[in-house]
file upload08.txt (compact mmCIF, C-alpha atoms and all ligand atoms)
# COMPACT_ATOMS: atom_id res chain seq x y z
CA MET D 757 -18.75 -22.14 12.45
CA LEU D 758 -16.48 -19.37 11.24
CA SER D 759 -13.66 -20.50 8.97
CA ASN D 760 -10.15 -19.70 10.09
CA LEU D 761 -9.78 -16.87 7.56
CA GLU D 762 -13.12 -15.38 8.57
CA THR D 763 -11.98 -15.32 12.18
CA ILE D 764 -8.71 -13.65 11.20
CA TYR D 765 -10.62 -11.15 9.07
CA THR D 766 -12.96 -10.25 11.94
CA TYR D 767 -10.08 -9.67 14.36
CA ALA D 768 -8.04 -7.76 11.81
CA GLU D 769 -10.92 -5.38 11.07
CA LYS D 770 -11.49 -4.78 14.79
CA TRP D 771 -7.80 -4.02 15.41
CA VAL D 772 -7.51 -1.78 12.35
CA ARG D 773 -10.47 0.31 13.50
CA GLU D 774 -9.18 0.45 17.09
CA ALA D 775 -5.74 1.49 15.85
CA GLY D 776 -7.45 4.25 13.87
CA GLU D 777 -9.06 5.46 17.10
CA LEU D 778 -5.66 5.49 18.84
CA ILE D 779 -4.28 7.65 16.04
CA LYS D 780 -7.22 10.07 16.20
CA GLN D 781 -6.86 10.39 19.97
CA SER D 782 -3.16 11.19 19.53
CA PHE D 783 -4.03 14.48 17.80
CA SER D 784 -4.75 16.09 21.15
CA LYS D 785 -1.41 14.91 22.58
CA GLU D 786 2.16 15.92 21.90
CA LEU D 787 3.74 13.99 19.03
CA LEU D 788 7.33 12.82 19.33
CA ILE D 789 8.97 13.08 15.90
CA GLN D 790 12.30 11.47 15.03
CA THR D 791 14.16 10.82 11.79
CA LYS D 792 15.36 7.47 10.46
CA SER D 793 17.55 7.04 7.34
CA ASN D 794 17.62 10.76 6.41
CA PRO D 795 16.15 14.09 7.63
CA ASN D 796 13.00 13.59 5.53
CA ASP D 797 12.40 10.01 6.70
CA LEU D 798 10.16 10.64 9.69
CA VAL D 799 8.88 8.34 12.39
CA THR D 800 6.70 9.22 15.37
CA ASN D 801 5.77 7.63 18.65
CA MET D 802 2.42 6.77 17.02
CA ASP D 803 4.03 4.73 14.20
CA LYS D 804 5.72 2.69 16.92
CA GLU D 805 2.72 2.47 19.25
CA VAL D 806 0.33 1.38 16.53
CA GLU D 807 2.71 -1.33 15.31
CA GLN D 808 3.16 -2.57 18.88
CA TYR D 809 -0.62 -2.51 19.37
CA PHE D 810 -1.10 -4.92 16.43
CA ILE D 811 1.76 -7.14 17.50
CA LYS D 812 0.47 -7.49 21.06
CA HIS D 813 -3.01 -8.52 19.86
CA ILE D 814 -1.79 -10.83 17.10
CA ARG D 815 0.65 -12.62 19.43
CA GLU D 816 -2.05 -13.09 22.09
CA THR D 817 -4.69 -14.35 19.66
CA PHE D 818 -2.69 -16.10 16.93
CA PRO D 819 0.67 -17.03 18.51
CA GLU D 820 1.65 -19.17 15.51
CA HIS D 821 1.33 -16.30 13.00
CA HIS D 822 4.31 -14.33 11.71
CA ILE D 823 4.48 -10.54 11.64
CA LEU D 824 6.46 -8.17 9.43
CA GLY D 825 6.16 -4.50 10.35
CA GLU D 826 7.89 -1.35 9.15
CA GLU D 827 9.05 -0.22 12.57
CA GLY D 828 10.82 -3.50 13.24
CA TYR D 829 8.88 -4.87 16.23
CA GLY D 830 7.91 -7.93 14.21
CA GLU D 831 10.23 -10.51 12.74
CA LYS D 832 12.84 -10.61 9.99
CA LEU D 833 11.32 -13.08 7.56
CA GLU D 834 13.20 -15.11 4.96
CA SER D 835 10.29 -17.32 3.94
CA THR D 836 6.63 -16.81 3.02
CA ASP D 837 5.59 -20.06 4.72
CA GLY D 838 2.67 -19.89 7.14
CA THR D 839 0.38 -16.97 7.95
CA ILE D 840 2.12 -13.59 7.77
CA TRP D 841 0.69 -10.23 8.81
CA ILE D 842 2.46 -7.45 6.90
CA ILE D 843 1.82 -4.17 8.68
CA ASP D 844 2.45 -0.53 7.99
CA PRO D 845 1.15 1.15 11.16
CA ILE D 846 1.08 4.58 9.50
CA ASP D 847 1.67 4.82 5.77
CA GLY D 848 2.31 8.44 4.87
CA THR D 849 4.05 9.49 8.07
CA MET D 850 5.16 12.77 6.51
CA ASN D 851 1.51 13.61 5.80
CA PHE D 852 0.55 12.47 9.30
CA VAL D 853 3.10 14.86 10.82
CA HIS D 854 2.56 17.84 8.48
CA GLN D 855 -1.11 17.54 7.52
CA GLN D 856 -2.83 15.21 10.00
CA ARG D 857 -4.53 13.60 6.98
CA ASN D 858 -3.67 11.55 3.88
CA PHE D 859 -2.21 8.64 5.81
CA ALA D 860 -3.44 5.09 6.31
CA ILE D 861 -3.03 1.92 8.28
CA SER D 862 -2.14 -0.95 5.95
CA VAL D 863 -2.46 -4.62 6.88
CA GLY D 864 -1.99 -7.48 4.40
CA ILE D 865 -2.38 -11.09 5.49
CA TYR D 866 -0.70 -13.77 3.39
CA VAL D 867 -0.89 -17.54 3.77
CA ASP D 868 2.01 -19.45 2.21
CA GLY D 869 2.75 -16.44 0.01
CA VAL D 870 -0.84 -15.96 -1.21
CA GLY D 871 -2.58 -12.68 -0.39
CA GLU D 872 -5.76 -13.59 1.49
CA ILE D 873 -6.90 -10.50 3.40
CA GLY D 874 -6.16 -6.82 2.88
CA PHE D 875 -7.10 -3.73 4.90
CA ILE D 876 -6.21 -0.12 4.13
CA TYR D 877 -7.78 2.35 6.51
CA ASP D 878 -7.83 6.03 5.60
CA VAL D 879 -8.46 7.09 9.18
CA ILE D 880 -9.44 10.72 8.62
CA HIS D 881 -11.91 10.04 5.82
CA ASP D 882 -13.13 6.94 7.67
CA GLU D 883 -12.68 4.93 4.48
CA LEU D 884 -11.88 1.32 5.15
CA TYR D 885 -10.77 -0.53 2.02
CA HIS D 886 -10.91 -4.26 2.53
CA ALA D 887 -10.75 -7.46 0.56
CA ARG D 888 -10.68 -11.21 0.89
CA ARG D 889 -9.26 -13.26 -1.94
CA GLY D 890 -12.04 -14.40 -4.25
CA GLN D 891 -14.72 -12.37 -2.46
CA GLY D 892 -14.32 -8.92 -4.00
CA ALA D 893 -12.99 -5.66 -2.60
CA TYR D 894 -14.96 -3.07 -0.65
CA MET D 895 -14.75 0.51 0.51
CA ASN D 896 -16.71 0.44 3.76
CA ASP D 897 -19.92 -1.38 2.70
CA ILE D 898 -19.66 -0.56 -0.98
CA GLU D 899 -18.37 -3.28 -3.27
CA LEU D 900 -15.75 -1.93 -5.67
CA PRO D 901 -16.60 -2.71 -9.30
CA LYS D 902 -14.19 -4.54 -11.60
CA LEU D 903 -11.83 -2.12 -13.33
CA ASP D 904 -12.53 -1.25 -16.96
CA PRO D 905 -9.71 -0.64 -19.43
CA VAL D 906 -8.74 2.97 -20.14
CA SER D 907 -6.35 4.51 -22.67
CA VAL D 908 -3.18 6.40 -21.69
CA LYS D 909 -4.62 9.68 -22.93
CA GLU D 910 -7.63 9.38 -20.60
CA ALA D 911 -5.71 8.08 -17.60
CA ILE D 912 -4.93 9.70 -14.27
CA LEU D 913 -1.53 8.49 -13.17
CA ALA D 914 -0.17 8.66 -9.64
CA LEU D 915 3.54 9.24 -9.31
CA ASN D 916 5.90 11.41 -7.34
CA ALA D 917 7.51 14.34 -9.21
CA THR D 918 10.91 13.06 -8.07
CA TRP D 919 10.81 10.34 -10.72
CA VAL D 920 10.71 12.75 -13.63
CA THR D 921 13.67 14.75 -12.31
CA LYS D 922 17.29 13.57 -12.08
CA ASN D 923 17.37 10.75 -9.54
CA PHE D 924 19.30 7.56 -8.99
CA ARG D 925 16.42 5.07 -9.33
CA ILE D 926 14.94 5.64 -12.77
CA ASP D 927 16.03 7.55 -15.86
CA PRO D 928 13.61 10.52 -16.13
CA SER D 929 13.38 9.94 -19.89
CA VAL D 930 11.30 6.80 -19.19
CA LEU D 931 8.47 8.45 -17.27
CA SER D 932 8.54 12.00 -18.57
CA PRO D 933 6.87 11.16 -21.98
CA LEU D 934 4.21 9.22 -20.06
CA VAL D 935 3.52 12.20 -17.79
CA THR D 936 3.05 14.31 -20.94
CA ALA D 937 0.73 11.75 -22.54
CA VAL D 938 -1.72 11.09 -19.68
CA ARG D 939 -4.77 13.20 -18.82
CA GLY D 940 -3.36 14.13 -15.42
CA THR D 941 -1.01 13.15 -12.61
CA ARG D 942 -1.51 13.01 -8.86
CA SER D 943 0.70 12.39 -5.85
CA TYR D 944 -0.79 11.69 -2.43
CA GLY D 945 2.36 10.78 -0.50
CA THR D 946 0.97 7.48 0.74
CA ALA D 947 1.51 4.35 -1.28
CA ALA D 948 -1.25 2.47 0.55
CA ILE D 949 -3.91 5.05 -0.32
CA GLU D 950 -2.60 5.33 -3.87
CA LEU D 951 -2.98 1.56 -4.25
CA ALA D 952 -6.46 1.68 -2.68
CA TYR D 953 -7.40 4.48 -5.09
CA VAL D 954 -6.32 2.37 -8.06
CA ALA D 955 -8.51 -0.46 -6.71
CA ALA D 956 -11.38 2.00 -6.30
CA GLY D 957 -10.95 3.41 -9.82
CA ARG D 958 -10.09 6.90 -8.51
CA LEU D 959 -6.66 6.54 -10.10
CA ASP D 960 -5.93 4.55 -13.25
CA ALA D 961 -2.32 3.62 -12.49
CA TYR D 962 0.38 4.14 -9.86
CA ILE D 963 4.10 3.96 -10.54
CA THR D 964 6.91 4.07 -7.99
CA PRO D 965 10.48 2.74 -8.20
CA ARG D 966 10.84 1.37 -4.68
CA LEU D 967 8.36 0.17 -2.09
CA ALA D 968 8.78 -2.11 0.89
CA PRO D 969 6.48 -5.09 1.62
CA TRP D 970 4.44 -3.15 4.22
CA ASP D 971 3.73 -0.41 1.65
CA PHE D 972 2.18 -2.73 -0.94
CA ALA D 973 1.09 -5.96 0.84
CA ALA D 974 -2.55 -4.97 1.44
CA GLY D 975 -2.92 -2.90 -1.74
CA LEU D 976 -1.99 -5.77 -4.03
CA ILE D 977 -4.77 -7.91 -2.57
CA LEU D 978 -7.35 -5.18 -3.21
CA ILE D 979 -6.11 -4.61 -6.77
CA ASN D 980 -6.24 -8.31 -7.53
CA GLU D 981 -9.87 -8.51 -6.48
CA VAL D 982 -10.99 -5.84 -8.94
CA GLY D 983 -9.04 -7.19 -11.91
CA GLY D 984 -6.19 -4.68 -11.79
CA VAL D 985 -2.69 -5.63 -12.87
CA ALA D 986 0.30 -5.39 -10.51
CA THR D 987 3.91 -6.03 -11.48
CA ASN D 988 7.35 -4.53 -11.07
CA PHE D 989 8.82 -2.25 -13.77
CA GLU D 990 10.00 -5.29 -15.73
CA GLY D 991 6.44 -6.56 -15.93
CA THR D 992 7.23 -9.54 -13.71
CA GLU D 993 6.05 -10.76 -10.33
CA ILE D 994 6.53 -8.68 -7.18
CA ASP D 995 8.64 -10.32 -4.45
CA LEU D 996 6.60 -10.20 -1.24
CA LEU D 997 9.53 -10.04 1.18
CA LYS D 998 11.74 -7.55 -0.67
CA GLN D 999 11.76 -3.96 -1.88
CA ASN D 1000 10.35 -3.78 -5.41
CA SER D 1001 9.60 -1.29 -8.12
CA ILE D 1002 5.81 -1.22 -8.30
CA PHE D 1003 3.56 -0.57 -11.27
CA VAL D 1004 -0.17 -1.14 -10.87
CA GLY D 1005 -2.93 -0.21 -13.24
CA LYS D 1006 -6.15 -0.97 -14.99
CA PRO D 1007 -6.13 -3.88 -17.43
CA GLY D 1008 -5.10 -2.72 -20.91
CA LEU D 1009 -3.54 0.46 -19.56
CA HIS D 1010 -0.90 -1.56 -17.69
CA GLU D 1011 0.06 -3.44 -20.85
CA GLU D 1012 0.09 -0.25 -22.93
CA ILE D 1013 2.39 1.58 -20.51
CA LEU D 1014 4.65 -1.42 -20.08
CA GLU D 1015 5.05 -1.87 -23.81
CA ASN D 1016 5.18 1.74 -25.02
CA TYR D 1017 7.13 3.34 -22.17
CA PHE D 1018 9.06 0.88 -19.98
CA ARG D 1019 9.98 -1.67 -22.67
CA LYS D 1020 10.52 0.97 -25.37
CA ALA D 1021 13.02 2.71 -23.09
CA SER D 1022 14.98 -0.51 -22.53
CA ARG D 1023 15.08 -1.45 -26.26
C1 LIG D 1101 6.11 5.97 2.45
C2 LIG D 1101 4.89 6.41 1.68
C3 LIG D 1101 5.30 7.16 0.44
C4 LIG D 1101 6.21 6.36 -0.45
C5 LIG D 1101 7.44 5.93 0.33
C6 LIG D 1101 7.02 5.14 1.59
P1 LIG D 1101 5.84 5.67 5.12
O1 LIG D 1101 5.73 5.17 3.57
O2 LIG D 1101 4.10 5.31 1.29
O3 LIG D 1101 4.16 7.50 -0.32
O4 LIG D 1101 6.61 7.12 -1.55
O5 LIG D 1101 8.24 5.12 -0.47
O6 LIG D 1101 8.17 4.79 2.31
O7 LIG D 1101 7.30 5.70 5.45
O8 LIG D 1101 5.17 6.98 5.23
O9 LIG D 1101 5.15 4.55 5.81
CA CA D 1102 8.42 5.21 7.22
CA CA D 1103 4.81 2.99 4.15
CA CA D 1104 4.95 3.65 7.81
call {"tool": "encode", "arguments": {"input": "upload08.txt", "output": "structure tokens", "more": "lines below"}}
Ligand code: IPD
Ligand code: CA
Ligand code: CA
Ligand code: CA
result
Amino acid sequence: MLSNLETIYTYAEKWVREAGELIKQSFSKELLIQTKSNPNDLVTNMDKEVEQYFIKHIRETFPEHHILGEEGYGEKLESTDGTIWIIDPIDGTMNFVHQQRNFAISVGIYVDGVGEIGFIYDVIHDELYHARRGQGAYMNDIELPKLDPVSVKEAILALNATWVTKNFRIDPSVLSPLVTAVRGTRSYGTAAIELAYVAAGRLDAYITPRLAPWDFAAGLILINEVGGVATNFEGTEIDLLKQNSIFVGKPGLHEEILENYFRKASR
């Protein structure tokens, strides 16, 4: 008999793939684009439709489960009790609108606050990153190896250029020496894929001052499975239901950056 989590995993994978199909089919149709908090904060009919697609299926199949989704069709949650699906229907909406690539569906499933199942689906590359707690992380059928330590000078760091210019979230003098010290920097415009890439060893670390639960819920589960380290900028635990600064990286590298850049700046 399938365990409860196996059943949830099987359904989640099916819905993630089906949602990917819906998104691909939408390319031949007209996209309705609106803005949310500012002119660069985009949302489309597909962000909304995909979130509603998940919610309909989850409510029919697992009526006792809770749902938190970016577009607000789920619930407002104050507690991590029970089984919670944390869904970003399209992570990287700006890329979706402008590039029709470099976006992902992100689904993290937590039970009593513990990350159990994570899916990040890069629809265009047909790369499905998935993990179950204690059972390793995969990209499609390939098991992702445990992450090996790397030094700052050999690291590829993902971060948005905004954070080394004048901004109101982080003093540029914290990250700018780090950007100079690393081998290279990258910015993909989708937190979910950036987290999946850290889990897959394609990036060595990812730093961003503010993400919402749906941006990081699935990624943290993947990173955990491959021995990566995930904290906020203070080096402490990420709060699942709130916006957090997020710093993930390979073991060793995470400690080195925390000590020599974040903590040095606050001393
Ligand atoms: C955004 C992307 C982006 C990150 C933003 C997120 P959305 O998510 O992940 O890379 O920098 O903070 O809001 O709105 O495209 O789902
Ligand atoms: Ca958004
Ligand atoms: Ca997002
Ligand atoms: Ca989104």
call {"tool": "atom_distance", "arguments": {"input": "upload08.txt", "atom1": "CA of Ala914 (chain D)", "atom2": "CA of Asp797 (chain D)"}}
result
20.7 Å
call {"tool": "closest_atom_pairs", "arguments": {"input": "upload08.txt", "of": "chain D", "to": "ligand CA 1102 (chain D)", "cutoff": "10 Å", "atoms": "only C-alpha atoms and all ligand atoms", "output": "Markdown table"}}
result
| residue | atom | partner | partner_atom | distance |
| --- | --- | --- | --- | --- |
| D:Thr791 | CA | D:CA1102 | CA | 9.2 |
| D:Lys792 | CA | D:CA1102 | CA | 8.0 |
| D:Ser793 | CA | D:CA1102 | CA | 9.3 |
| D:Asn796 | CA | D:CA1102 | CA | 9.7 |
| D:Asp797 | CA | D:CA1102 | CA | 6.3 |
| D:Leu798 | CA | D:CA1102 | CA | 6.2 |
| D:Val799 | CA | D:CA1102 | CA | 6.1 |
| D:Thr800 | CA | D:CA1102 | CA | 9.2 |
| D:Asp803 | CA | D:CA1102 | CA | 8.3 |
| D:Glu826 | CA | D:CA1102 | CA | 6.9 |
| D:Glu827 | CA | D:CA1102 | CA | 7.6 |
| D:Asp844 | CA | D:CA1102 | CA | 8.3 |
| D:Pro845 | CA | D:CA1102 | CA | 9.2 |
| D:Ile846 | CA | D:CA1102 | CA | 7.7 |
| D:Asp847 | CA | D:CA1102 | CA | 6.9 |
| D:Gly848 | CA | D:CA1102 | CA | 7.3 |
| D:Thr849 | CA | D:CA1102 | CA | 6.2 |
| D:Met850 | CA | D:CA1102 | CA | 8.3 |
| D:Ala968 | CA | D:CA1102 | CA | 9.7 |
| D:Trp970 | CA | D:CA1102 | CA | 9.7 |
| D:Asp971 | CA | D:CA1102 | CA | 9.2 |
call {"tool": "residues_around", "arguments": {"input": "upload08.txt", "residues": "Ala775 (chain D)", "least_positions_apart": "3", "cutoff": "8 Å", "atoms": "all atoms listed in the file", "output": "ChimeraX atom specification"}}
result
/D:771-772,778-779,806,809-810
call {"tool": "atom_distance", "arguments": {"input": "upload08.txt", "atom1": "CA of Thr836 (chain D)", "atom2": "CA of Asp868 (chain D)"}}
result
5.4 Å
call {"tool": "residues_around", "arguments": {"input": "upload08.txt", "residues": "region 920-935 of chain D", "least_positions_apart": "6", "cutoff": "10 Å", "atoms": "only C-alpha atoms", "output": "NGL selection string"}}
result
:D and (908-909 or 912-914 or 941 or 963-966 or 1001 or 1013 or 1016-1022)
call {"tool": "atom_distance", "arguments": {"input": "upload08.txt", "atom1": "CA of Ala911 (chain D)", "atom2": "CA of Glu1011 (chain D)"}}
result
13.3 Å
call {"tool": "residues_around", "arguments": {"input": "upload08.txt", "residues": "Tyr877 (chain D)", "least_positions_apart": "5", "cutoff": "8 Å", "atoms": "only C-alpha atoms", "output": "PyMOL selection string"}}
result
chain D and resi 772-773+776+860-862+882-885
call {"tool": "closest_residue", "arguments": {"input": "upload08.txt", "among": "D:Glu910, D:Asp878, D:Glu807, D:Glu990", "to": "Met895 (chain D)", "atoms": "only C-alpha atoms"}}
result
D:Asp878
call {"tool": "decode", "arguments": {"input": "upload08.txt", "residues": "region 997-1012 of chain D", "atoms": "N, CA and C atoms", "output": "compact mmCIF listing (two decimals), in the first residue's frame"}}
result
# COMPACT_ATOMS: atom_id res chain seq x y z
N LEU D 997 6.45 30.94 6.97
CA LEU D 997 5.23 31.66 6.60
C LEU D 997 5.45 33.15 6.36
N LYS D 998 6.72 33.58 6.41
CA LYS D 998 6.98 35.03 6.27
C LYS D 998 7.94 35.30 5.11
N GLN D 999 8.10 36.60 4.79
CA GLN D 999 9.15 36.99 3.86
C GLN D 999 10.47 36.93 4.62
N ASN D 1000 11.51 36.45 3.96
CA ASN D 1000 12.82 36.30 4.59
C ASN D 1000 13.91 36.77 3.63
N SER D 1001 15.05 37.19 4.21
CA SER D 1001 16.26 37.23 3.38
C SER D 1001 16.69 35.77 3.24
N ILE D 1002 17.27 35.44 2.09
CA ILE D 1002 17.60 34.04 1.82
C ILE D 1002 19.04 33.95 1.34
N PHE D 1003 19.78 33.05 1.98
CA PHE D 1003 21.16 32.80 1.59
C PHE D 1003 21.38 31.28 1.61
N VAL D 1004 21.54 30.71 0.43
CA VAL D 1004 21.77 29.26 0.34
C VAL D 1004 23.11 29.01 -0.33
N GLY D 1005 23.74 27.94 0.05
CA GLY D 1005 25.03 27.65 -0.58
C GLY D 1005 25.57 26.30 -0.21
N LYS D 1006 26.67 25.98 -0.87
CA LYS D 1006 27.35 24.72 -0.58
C LYS D 1006 27.91 24.76 0.84
N PRO D 1007 28.07 23.58 1.46
CA PRO D 1007 28.67 23.57 2.79
C PRO D 1007 30.07 24.18 2.70
N GLY D 1008 30.53 24.82 3.74
CA GLY D 1008 31.85 25.46 3.72
C GLY D 1008 31.75 26.86 3.13
N LEU D 1009 31.27 26.92 1.90
CA LEU D 1009 31.12 28.23 1.24
C LEU D 1009 30.13 29.10 2.02
N HIS D 1010 29.03 28.50 2.44
CA HIS D 1010 28.01 29.25 3.19
C HIS D 1010 28.63 29.85 4.45
N GLU D 1011 29.38 29.04 5.19
CA GLU D 1011 30.01 29.52 6.43
C GLU D 1011 31.02 30.63 6.11
N GLU D 1012 31.81 30.42 5.06
CA GLU D 1012 32.85 31.39 4.71
C GLU D 1012 32.22 32.75 4.36
